[in-house]
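Single-structure report; data block below.
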Amino acid sequence: MKRSTLHAVCDAGRAGRGIVRAVDIASGEERLIDIASGNSQLERAAADAARIDRSAVADADGRTWFLDVCNPPLDLAIIGAVHIAQILARIAHLAGYGVRVIDPRGAFASPDRFPDVSLSLQWPDEAFAKEPLGSRSALVALAHDPKLDDPALAAALRTTCFYIGALGSKKTHAARLARLGAHGFGDKELIRIHGPIGLAIGARSPAEIAISILAEMTMKLRADDVWERSIVRATANTGFTPRS
């Protein structure tokens with residue numbers, strides 16, 4: 001690996017961006033591919049490899065490439081130190097996420113309730129100014145309070161984070177979309193927010209809801225085409241119709 005390539009990979013990691021180092025097996029030519037952009041055959045192959053976190057050999061553009069995936073750690077930002085968040089933080093950690101809980105209410109966001117979890121007592125926009133969301137980040141809004149959830153969702157919509165979800169009923173979600181729309185977000189942005197949050201597995205208890213959320217995050221991360229079909233079905237039930 002060239003020194004310049006190593007520096008670029010390290011810079012991407014510090015910025016929370018996934019990147020793929022593509023090496024032409026025949027010639028040794030190196031290319032760095034930003035997985036968030038591009039639509040060539042090689043770029044699509046790199047994005048697929050990055051999605052499953054697995055380096056691979058791929059034939060693209062008439063050449064054979066080794067795709068060296070350099071992904072930063074997965075990041076989960078939970079808004080609202082509620083009971084569901086306690087369980088979600090634990091199972092997400094087991095799934096390989098670095099978890100941070102953001103809630104200015106110190107009575108909720110306490111080390112006793114969230115042992116071994118990074119806690120922020122700042123408001124979401126302040127917290128993200130210090131630790132931004134990246135392409136490997138998921139944002140889960142559980143506070144059920146627009147004063148906390150809406151600024152967090154707005155911040156997430158301005159990033160490339162791979163998953164955005166918010167707790168609440170269909171009626172609550174429709175009202176949320178209307179508020180965010182009034183602040184300048186369009187349909188193509190708002191459709192990124194999944195609500196009611198979680199896969200439709202009939203979850204009832206906080207533990208089951210947490211499982212449904214992590215499952216939906218995993219589907220978005222690993223199987224984006226499946227996710228797109230599910231979110232279209234979900235938004236069809238909220239009264240929010242995305243324009244093409």
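The chains in the structure tokens are called A, B, ... from first to last as shown; in each chain the residues are counted from 1, and the ligands are counted from 1 in the order shown.
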Test item: residues at most 6 Å from stretch 186-202 of chain A, only C-alpha atoms, excluding those fewer than 4 positions along its chain, as a PyMOL selection string: chain A and resi 164-169+173+212-213+216+242
Considering only C-alpha atoms, give me a table of residues in stretch 14-109 of chain A that are at most 7 Å from stretch 116-129 of chain A, with the closest atom pair and distance in Å for each, as a Markdown table.
```
| residue | atom | partner | partner_atom | distance |
| --- | --- | --- | --- | --- |
| A:Val99 | CA | A:Val117 | CA | 6.4 |
| A:Arg100 | CA | A:Ser118 | CA | 4.7 |
| A:Val101 | CA | A:Leu119 | CA | 5.0 |
| A:Ile102 | CA | A:Ser120 | CA | 4.7 |
| A:Asp103 | CA | A:Leu121 | CA | 5.2 |
| A:Pro104 | CA | A:Leu121 | CA | 4.0 |
| A:Arg105 | CA | A:Leu121 | CA | 6.6 |
| A:Gly106 | CA | A:Leu121 | CA | 6.4 |
| A:Ala109 | CA | A:Leu119 | CA | 6.5 |
```
Would you save the residues from that selection as an mmCIF file, in the first residue's frame, using C-alpha atoms?
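out.cif written:
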```
data_model
loop_
_atom_site.group_PDB
_atom_site.id
_atom_site.type_symbol
_atom_site.label_atom_id
_atom_site.label_comp_id
_atom_site.auth_asym_id
_atom_site.auth_seq_id
_atom_site.Cartn_x
_atom_site.Cartn_y
_atom_site.Cartn_z
ATOM 1 C CA VAL A 99 -23.377 3.081 21.303
ATOM 2 C CA ARG A 100 -23.984 6.602 22.576
ATOM 3 C CA VAL A 101 -27.110 7.804 24.352
ATOM 4 C CA ILE A 102 -27.999 11.489 24.085
ATOM 5 C CA ASP A 103 -30.451 13.033 26.533
ATOM 6 C CA PRO A 104 -30.085 16.310 28.476
ATOM 7 C CA ARG A 105 -32.285 14.900 31.237
ATOM 8 C CA GLY A 106 -29.738 13.725 33.766
ATOM 9 C CA ALA A 109 -29.226 9.457 31.215
#
```
Minimum-distance residue to A:Ala60, chosen among A:Ala203, A:Val23, A:Ala174, A:Ala8 (using only C-alpha atoms): A:Val23
Non-local contacts of A:Ala58 (10 Å; only C-alpha atoms; under 3 positions in same chain excluded) as a list in words: Ala22, Asp24, Gln41, Leu42, Ala45, Ala46, Ala49, Ser55, Asp61, Arg63, Thr64, Trp65, Phe66 and Leu67 of chain A
Point-to-point distance in Å for atom CA of A:Leu221 and atom CA of A:Phe162: 6.7 Å
d(atom CA of A:Ile209, atom CA of A:Gly134) in Å: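 These two atoms are separated by 24.7 Å.
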One-decimal distance in Å that lies between atom CA of A:Gly80 and atom CA of A:Ala223: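 Computing it gives 27.3 Å between the two atoms.
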Strand (DSSP E) residues, from DSSP on the backbone, in stretch 32-151 of chain A, as a count of residues only: 36
Per DSSP on the backbone, filter stretch 128-226 of chain A down to the residues in helix (DSSP H, G or I) and report them as a PDB file with N, CA and C atoms, in the first residue's frame.
```pdb
ATOM      1  N   PHE A 128     -24.004  16.368  18.286  1.00  0.00           N
ATOM      2  CA  PHE A 128     -23.539  16.015  16.950  1.00  0.00           C
ATOM      3  C   PHE A 128     -22.524  17.011  16.407  1.00  0.00           C
ATOM      4  N   ALA A 129     -22.523  18.218  16.943  1.00  0.00           N
ATOM      5  CA  ALA A 129     -21.486  19.174  16.543  1.00  0.00           C
ATOM      6  C   ALA A 129     -20.119  18.688  17.008  1.00  0.00           C
ATOM      7  N   LYS A 130     -20.085  17.995  18.135  1.00  0.00           N
ATOM      8  CA  LYS A 130     -18.824  17.468  18.661  1.00  0.00           C
ATOM      9  C   LYS A 130     -18.484  16.099  18.080  1.00  0.00           C
ATOM     10  N   PRO A 146     -40.911  16.005  20.702  1.00  0.00           N
ATOM     11  CA  PRO A 146     -40.395  16.753  19.559  1.00  0.00           C
ATOM     12  C   PRO A 146     -39.224  17.673  19.884  1.00  0.00           C
ATOM     13  N   LYS A 147     -39.157  18.161  21.116  1.00  0.00           N
ATOM     14  CA  LYS A 147     -38.049  19.061  21.472  1.00  0.00           C
ATOM     15  C   LYS A 147     -36.712  18.342  21.396  1.00  0.00           C
ATOM     16  N   LEU A 148     -36.716  17.039  21.612  1.00  0.00           N
ATOM     17  CA  LEU A 148     -35.487  16.248  21.522  1.00  0.00           C
ATOM     18  C   LEU A 148     -35.371  15.539  20.173  1.00  0.00           C
ATOM     19  N   ASP A 149     -36.446  14.893  19.767  1.00  0.00           N
ATOM     20  CA  ASP A 149     -36.387  14.066  18.565  1.00  0.00           C
ATOM     21  C   ASP A 149     -36.220  14.880  17.294  1.00  0.00           C
ATOM     22  N   ASP A 150     -36.978  15.963  17.140  1.00  0.00           N
ATOM     23  CA  ASP A 150     -36.960  16.704  15.877  1.00  0.00           C
ATOM     24  C   ASP A 150     -35.583  17.281  15.540  1.00  0.00           C
ATOM     25  N   PRO A 151     -34.883  17.930  16.483  1.00  0.00           N
ATOM     26  CA  PRO A 151     -33.536  18.426  16.134  1.00  0.00           C
ATOM     27  C   PRO A 151     -32.571  17.297  15.760  1.00  0.00           C
ATOM     28  N   ALA A 152     -32.720  16.150  16.421  1.00  0.00           N
ATOM     29  CA  ALA A 152     -31.853  15.012  16.099  1.00  0.00           C
ATOM     30  C   ALA A 152     -32.146  14.483  14.705  1.00  0.00           C
ATOM     31  N   LEU A 153     -33.418  14.358  14.373  1.00  0.00           N
ATOM     32  CA  LEU A 153     -33.790  13.874  13.042  1.00  0.00           C
ATOM     33  C   LEU A 153     -33.338  14.849  11.963  1.00  0.00           C
ATOM     34  N   ALA A 154     -33.501  16.141  12.225  1.00  0.00           N
ATOM     35  CA  ALA A 154     -33.057  17.150  11.258  1.00  0.00           C
ATOM     36  C   ALA A 154     -31.552  17.051  11.037  1.00  0.00           C
ATOM     37  N   ALA A 155     -30.804  16.870  12.113  1.00  0.00           N
ATOM     38  CA  ALA A 155     -29.346  16.738  11.987  1.00  0.00           C
ATOM     39  C   ALA A 155     -28.985  15.495  11.181  1.00  0.00           C
ATOM     40  N   ALA A 156     -29.695  14.387  11.431  1.00  0.00           N
ATOM     41  CA  ALA A 156     -29.406  13.146  10.718  1.00  0.00           C
ATOM     42  C   ALA A 156     -29.712  13.261   9.230  1.00  0.00           C
ATOM     43  N   LEU A 157     -30.789  13.965   8.893  1.00  0.00           N
ATOM     44  CA  LEU A 157     -31.161  14.118   7.487  1.00  0.00           C
ATOM     45  C   LEU A 157     -30.114  14.896   6.694  1.00  0.00           C
ATOM     46  N   LYS A 170     -48.435   5.806  13.833  1.00  0.00           N
ATOM     47  CA  LYS A 170     -48.560   6.335  12.470  1.00  0.00           C
ATOM     48  C   LYS A 170     -49.000   7.794  12.502  1.00  0.00           C
ATOM     49  N   LYS A 171     -49.925   8.112  13.411  1.00  0.00           N
ATOM     50  CA  LYS A 171     -50.392   9.488  13.528  1.00  0.00           C
ATOM     51  C   LYS A 171     -49.269  10.407  13.992  1.00  0.00           C
ATOM     52  N   THR A 172     -48.503   9.944  14.978  1.00  0.00           N
ATOM     53  CA  THR A 172     -47.362  10.730  15.469  1.00  0.00           C
ATOM     54  C   THR A 172     -46.336  10.945  14.372  1.00  0.00           C
ATOM     55  N   HIS A 173     -46.095   9.908  13.595  1.00  0.00           N
ATOM     56  CA  HIS A 173     -45.088  10.025  12.536  1.00  0.00           C
ATOM     57  C   HIS A 173     -45.547  10.988  11.448  1.00  0.00           C
ATOM     58  N   ALA A 174     -46.829  10.948  11.088  1.00  0.00           N
ATOM     59  CA  ALA A 174     -47.338  11.876  10.079  1.00  0.00           C
ATOM     60  C   ALA A 174     -47.166  13.326  10.540  1.00  0.00           C
ATOM     61  N   ALA A 175     -47.451  13.575  11.827  1.00  0.00           N
ATOM     62  CA  ALA A 175     -47.276  14.930  12.377  1.00  0.00           C
ATOM     63  C   ALA A 175     -45.803  15.320  12.380  1.00  0.00           C
ATOM     64  N   ARG A 176     -44.936  14.356  12.672  1.00  0.00           N
ATOM     65  CA  ARG A 176     -43.485  14.614  12.674  1.00  0.00           C
ATOM     66  C   ARG A 176     -43.005  15.011  11.285  1.00  0.00           C
ATOM     67  N   LEU A 177     -43.455  14.290  10.276  1.00  0.00           N
ATOM     68  CA  LEU A 177     -43.061  14.606   8.901  1.00  0.00           C
ATOM     69  C   LEU A 177     -43.547  15.996   8.498  1.00  0.00           C
ATOM     70  N   ALA A 178     -44.747  16.345   8.951  1.00  0.00           N
ATOM     71  CA  ALA A 178     -45.271  17.677   8.627  1.00  0.00           C
ATOM     72  C   ALA A 178     -44.417  18.766   9.266  1.00  0.00           C
ATOM     73  N   ARG A 179     -44.010  18.558  10.514  1.00  0.00           N
ATOM     74  CA  ARG A 179     -43.158  19.561  11.183  1.00  0.00           C
ATOM     75  C   ARG A 179     -41.829  19.714  10.465  1.00  0.00           C
ATOM     76  N   LEU A 180     -41.206  18.598  10.130  1.00  0.00           N
ATOM     77  CA  LEU A 180     -39.908  18.661   9.465  1.00  0.00           C
ATOM     78  C   LEU A 180     -40.046  19.235   8.055  1.00  0.00           C
ATOM     79  N   GLY A 181     -41.152  18.918   7.395  1.00  0.00           N
ATOM     80  CA  GLY A 181     -41.397  19.487   6.083  1.00  0.00           C
ATOM     81  C   GLY A 181     -41.519  20.996   6.140  1.00  0.00           C
ATOM     82  N   ALA A 182     -42.132  21.498   7.220  1.00  0.00           N
ATOM     83  CA  ALA A 182     -42.275  22.942   7.390  1.00  0.00           C
ATOM     84  C   ALA A 182     -40.938  23.627   7.607  1.00  0.00           C
ATOM     85  N   ASP A 187     -39.638  15.606   0.326  1.00  0.00           N
ATOM     86  CA  ASP A 187     -40.086  14.216   0.378  1.00  0.00           C
ATOM     87  C   ASP A 187     -38.935  13.213   0.294  1.00  0.00           C
ATOM     88  N   LYS A 188     -37.969  13.496  -0.601  1.00  0.00           N
ATOM     89  CA  LYS A 188     -36.873  12.546  -0.777  1.00  0.00           C
ATOM     90  C   LYS A 188     -36.006  12.444   0.466  1.00  0.00           C
ATOM     91  N   GLU A 189     -35.996  13.488   1.280  1.00  0.00           N
ATOM     92  CA  GLU A 189     -35.264  13.442   2.543  1.00  0.00           C
ATOM     93  C   GLU A 189     -36.104  12.772   3.623  1.00  0.00           C
ATOM     94  N   LEU A 190     -37.358  13.139   3.711  1.00  0.00           N
ATOM     95  CA  LEU A 190     -38.216  12.641   4.791  1.00  0.00           C
ATOM     96  C   LEU A 190     -38.473  11.140   4.694  1.00  0.00           C
ATOM     97  N   PRO A 206     -40.761  -3.681  25.638  1.00  0.00           N
ATOM     98  CA  PRO A 206     -39.567  -2.899  25.283  1.00  0.00           C
ATOM     99  C   PRO A 206     -38.461  -3.751  24.663  1.00  0.00           C
ATOM    100  N   ALA A 207     -38.277  -4.973  25.181  1.00  0.00           N
ATOM    101  CA  ALA A 207     -37.241  -5.847  24.635  1.00  0.00           C
ATOM    102  C   ALA A 207     -37.552  -6.236  23.199  1.00  0.00           C
ATOM    103  N   GLU A 208     -38.807  -6.566  22.920  1.00  0.00           N
ATOM    104  CA  GLU A 208     -39.186  -6.952  21.559  1.00  0.00           C
ATOM    105  C   GLU A 208     -39.066  -5.763  20.603  1.00  0.00           C
ATOM    106  N   ILE A 209     -39.430  -4.573  21.074  1.00  0.00           N
ATOM    107  CA  ILE A 209     -39.293  -3.378  20.235  1.00  0.00           C
ATOM    108  C   ILE A 209     -37.826  -3.124  19.921  1.00  0.00           C
ATOM    109  N   ALA A 210     -36.955  -3.288  20.920  1.00  0.00           N
ATOM    110  CA  ALA A 210     -35.519  -3.099  20.694  1.00  0.00           C
ATOM    111  C   ALA A 210     -35.001  -4.091  19.660  1.00  0.00           C
ATOM    112  N   ILE A 211     -35.468  -5.332  19.735  1.00  0.00           N
ATOM    113  CA  ILE A 211     -35.055  -6.343  18.758  1.00  0.00           C
ATOM    114  C   ILE A 211     -35.517  -5.946  17.362  1.00  0.00           C
ATOM    115  N   SER A 212     -36.753  -5.467  17.253  1.00  0.00           N
ATOM    116  CA  SER A 212     -37.273  -5.075  15.936  1.00  0.00           C
ATOM    117  C   SER A 212     -36.479  -3.904  15.357  1.00  0.00           C
ATOM    118  N   ILE A 213     -36.033  -2.987  16.214  1.00  0.00           N
ATOM    119  CA  ILE A 213     -35.242  -1.844  15.749  1.00  0.00           C
ATOM    120  C   ILE A 213     -33.885  -2.310  15.221  1.00  0.00           C
ATOM    121  N   LEU A 214     -33.207  -3.154  15.991  1.00  0.00           N
ATOM    122  CA  LEU A 214     -31.893  -3.624  15.553  1.00  0.00           C
ATOM    123  C   LEU A 214     -32.015  -4.452  14.275  1.00  0.00           C
ATOM    124  N   ALA A 215     -33.091  -5.227  14.159  1.00  0.00           N
ATOM    125  CA  ALA A 215     -33.301  -6.012  12.940  1.00  0.00           C
ATOM    126  C   ALA A 215     -33.486  -5.098  11.732  1.00  0.00           C
ATOM    127  N   GLU A 216     -34.237  -4.019  11.913  1.00  0.00           N
ATOM    128  CA  GLU A 216     -34.443  -3.092  10.808  1.00  0.00           C
ATOM    129  C   GLU A 216     -33.145  -2.373  10.438  1.00  0.00           C
ATOM    130  N   MET A 217     -32.366  -1.980  11.440  1.00  0.00           N
ATOM    131  CA  MET A 217     -31.068  -1.382  11.177  1.00  0.00           C
ATOM    132  C   MET A 217     -30.193  -2.328  10.367  1.00  0.00           C
ATOM    133  N   THR A 218     -30.203  -3.607  10.730  1.00  0.00           N
ATOM    134  CA  THR A 218     -29.386  -4.604  10.039  1.00  0.00           C
ATOM    135  C   THR A 218     -29.834  -4.773   8.599  1.00  0.00           C
ATOM    136  N   MET A 219     -31.155  -4.793   8.387  1.00  0.00           N
ATOM    137  CA  MET A 219     -31.667  -4.927   7.030  1.00  0.00           C
ATOM    138  C   MET A 219     -31.248  -3.737   6.175  1.00  0.00           C
ATOM    139  N   LYS A 220     -31.296  -2.533   6.732  1.00  0.00           N
ATOM    140  CA  LYS A 220     -30.895  -1.347   5.977  1.00  0.00           C
ATOM    141  C   LYS A 220     -29.404  -1.376   5.659  1.00  0.00           C
ATOM    142  N   LEU A 221     -28.618  -1.840   6.626  1.00  0.00           N
ATOM    143  CA  LEU A 221     -27.167  -1.893   6.440  1.00  0.00           C
ATOM    144  C   LEU A 221     -26.754  -2.948   5.430  1.00  0.00           C
ATOM    145  N   ARG A 222     -27.360  -4.114   5.515  1.00  0.00           N
ATOM    146  CA  ARG A 222     -26.889  -5.264   4.736  1.00  0.00           C
ATOM    147  C   ARG A 222     -27.694  -5.545   3.478  1.00  0.00           C
ATOM    148  N   ASP A 224     -30.042  -3.313   1.355  1.00  0.00           N
ATOM    149  CA  ASP A 224     -30.702  -2.038   1.112  1.00  0.00           C
ATOM    150  C   ASP A 224     -31.903  -2.172   0.187  1.00  0.00           C
ATOM    151  N   ASP A 225     -31.859  -3.114  -0.777  1.00  0.00           N
ATOM    152  CA  ASP A 225     -32.987  -3.256  -1.693  1.00  0.00           C
ATOM    153  C   ASP A 225     -34.214  -3.772  -0.973  1.00  0.00           C
ATOM    154  N   VAL A 226     -34.018  -4.680  -0.004  1.00  0.00           N
ATOM    155  CA  VAL A 226     -35.135  -5.164   0.812  1.00  0.00           C
ATOM    156  C   VAL A 226     -35.705  -4.022   1.635  1.00  0.00           C
TER     157      VAL A 226
END
```
Hey, could you make a per-residue contact list for stretch 24-92 of chain A against stretch 12-18 of chain A with 8 Å as the cut-off, showing the nearest pair of atoms and its distance in Å to one decimal, counting only C-alpha atoms, sorted by chain and number, as a tab-separated table?
```
residue	atom	partner	partner_atom	distance
A:Asp34	CA	A:Gly18	CA	6.9
A:Ile35	CA	A:Gly18	CA	6.3
A:Ala36	CA	A:Gly18	CA	7.9
A:Ala50	CA	A:Gly18	CA	7.3
A:Val69	CA	A:Gly18	CA	7.9
A:Cys70	CA	A:Gly18	CA	6.1
A:Asn71	CA	A:Gly18	CA	4.5
A:Pro72	CA	A:Gly13	CA	5.2
A:Pro73	CA	A:Gly16	CA	7.9
```
Requested write-out: C-alpha atoms of the selected residues, as a PDB file, in the first residue's frame:
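So the final result, stored in out.pdb, reads:
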```pdb
ATOM      1  CA  ASP A  34     -15.786   6.336  -1.759  1.00  0.00           C
ATOM      2  CA  ILE A  35     -18.674   3.935  -1.180  1.00  0.00           C
ATOM      3  CA  ALA A  36     -21.173   6.790  -0.844  1.00  0.00           C
ATOM      4  CA  ALA A  50     -18.451  -2.621   2.037  1.00  0.00           C
ATOM      5  CA  VAL A  69     -12.816  -2.938   2.589  1.00  0.00           C
ATOM      6  CA  CYS A  70     -11.800  -0.287   5.128  1.00  0.00           C
ATOM      7  CA  ASN A  71     -14.903   0.439   7.170  1.00  0.00           C
ATOM      8  CA  PRO A  72     -14.955   2.527  10.360  1.00  0.00           C
ATOM      9  CA  PRO A  73     -16.784   1.005  13.348  1.00  0.00           C
TER      10      PRO A  73
END
```
